[in-house]
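Please read the structure below before turning to the comments.
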Amino acid sequence: MGREVAESCVEGIMIEMVSAYCSRFYANKQDLAARRLESIGFQVGVQLSERYTMDRPRFTDHLEAIKFICKDFWNELFKKQIDNLKTNHKGTFVLQDNRFRWLTRVSIHPSPITQADSAAPLVDSRAALTANMHLYFPCGIIRGALTNLGVPCAVSADISNLPACSFVVRIKV
């Protein structure tokens with residue numbers, strides 16, 4: 001049996017990492033915080049894909065690598081497979097997770113807006129930004145894993161309805 005880490009520990013690290021990069025290290029430079037979180041995720045993705053594919057032959061095409069990410073890799077990380085995989089057959093894949101574990105405790109419920117409370121929209125946009133910042137790390141993990149598997153790509157994420165999110169993978173040719 002391989003080494004495992006308690007899920008609560010990983011969630012705690014995620015929350016603290018996003019908080020540290022967004023509030024302390026790069027408080028006024030959210031784009032730099034996002035790039036740093038993504039690059040840390042990239043390094044983690046490279047290492048995890050190396051570990052999880054040690055005993056496998058190399059993948060022969062992009063689709064095999066994407067399917068590996070959706071099934072085996074996701075199962076190792078989140079104890080479930082990706083809920084839906086879509087493609088346009090032109091190098092773009094959408095990985096849909098209807099209950100992404102790292103977003104289950106994040107909420108961006110709009111606060112009741114009254115005329116006396118002009119700070120409410122600011123609070124709501126900040127909550128949405130924080131939720132989005134939590135996705136740069138997993139985007140980096142996916143990009144790092146696929147790059148290590150020989151699939152250079154760009155990965156972005158979209159939150160449709162918490163805790164559901166979509167990861168868009170664009171293969172670079």
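Every chain in the structure tokens has a letter given in the order shown (A, B, ...), and although residue numbers restart at 1 in each chain, ligands are simply numbered from 1 in the order shown.
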inquiry  = Applying 10 Å and only C-alpha atoms, which residues near Gln43 in chain A remain after dropping the ones on its own chain fewer than 3 positions away? List them as a PyMOL selection string.
reply    = chain A and resi 38-40+46-48+137+140-141+143-145+148
inquiry  = Excluding Ser156 in chain A and its own-chain neighbours fewer than 4 positions away, which residues fall within 8 Å of it when counting only C-alpha atoms? Please give them as a ChimeraX atom specification.
reply    = /A:136,139,167-169
query = Got a sec: who's within 9 Å of range 56-67 of chain A, counting only C-alpha atoms, leaving out chain neighbours fewer than 6 positions off, as a PyMOL selection string?
reply = chain A and resi 85+91+93+146+149-151+171
key: Separation of CA of Leu103 in chain A from CA of Asn28 in chain A in Å   = 23.7 Å
request  = Pick out each residue of range 31-96 of chain A that DSSP on the backbone tags as alpha helix (DSSP H); I need them as a PyMOL selection string.
outcome  = chain A and resi 31-52+62-68+74-78
Quick one: residues within 10 Å of Asn84 in chain A, only C-alpha atoms, excluding same-chain residues fewer than 3 positions away - as a compact mmCIF listing (two decimals) with N, CA, C and O atoms, in the first residue's frame?
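Contents of the output file selection27.txt:
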```txt
# COMPACT_ATOMS: atom_id res chain seq x y z
N CYS A 70 -8.40 11.53 -16.35
CA CYS A 70 -9.81 11.50 -15.92
C CYS A 70 -10.15 10.29 -15.06
O CYS A 70 -11.01 10.39 -14.18
N GLN A 81 -13.61 9.40 -10.17
CA GLN A 81 -13.23 9.75 -11.52
C GLN A 81 -13.87 11.09 -11.90
O GLN A 81 -14.81 11.55 -11.25
N VAL A 94 -12.73 19.22 -22.16
CA VAL A 94 -13.34 19.80 -20.96
C VAL A 94 -13.58 18.67 -19.97
O VAL A 94 -14.30 17.73 -20.25
N LEU A 95 -12.93 18.78 -18.81
CA LEU A 95 -13.07 17.80 -17.74
C LEU A 95 -14.01 18.39 -16.70
O LEU A 95 -13.69 19.43 -16.11
N GLN A 96 -15.16 17.77 -16.50
CA GLN A 96 -16.17 18.28 -15.58
C GLN A 96 -16.18 17.45 -14.30
O GLN A 96 -16.31 16.24 -14.34
N ASP A 97 -16.02 18.13 -13.17
CA ASP A 97 -16.14 17.49 -11.86
C ASP A 97 -17.32 18.16 -11.16
O ASP A 97 -17.26 19.34 -10.84
N ASN A 98 -18.39 17.41 -10.94
CA ASN A 98 -19.61 17.97 -10.36
C ASN A 98 -19.53 18.23 -8.86
O ASN A 98 -20.37 18.92 -8.31
N SER A 166 -15.23 23.06 -14.08
CA SER A 166 -14.75 22.48 -15.33
C SER A 166 -13.30 22.90 -15.54
O SER A 166 -12.95 24.05 -15.29
```
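For the choices A:Ser160, A:Ser23, A:Asn75, A:Thr92, the atom-to-atom distance to Thr130 in chain A is smallest for A:Ser23 when using only C-alpha atoms.
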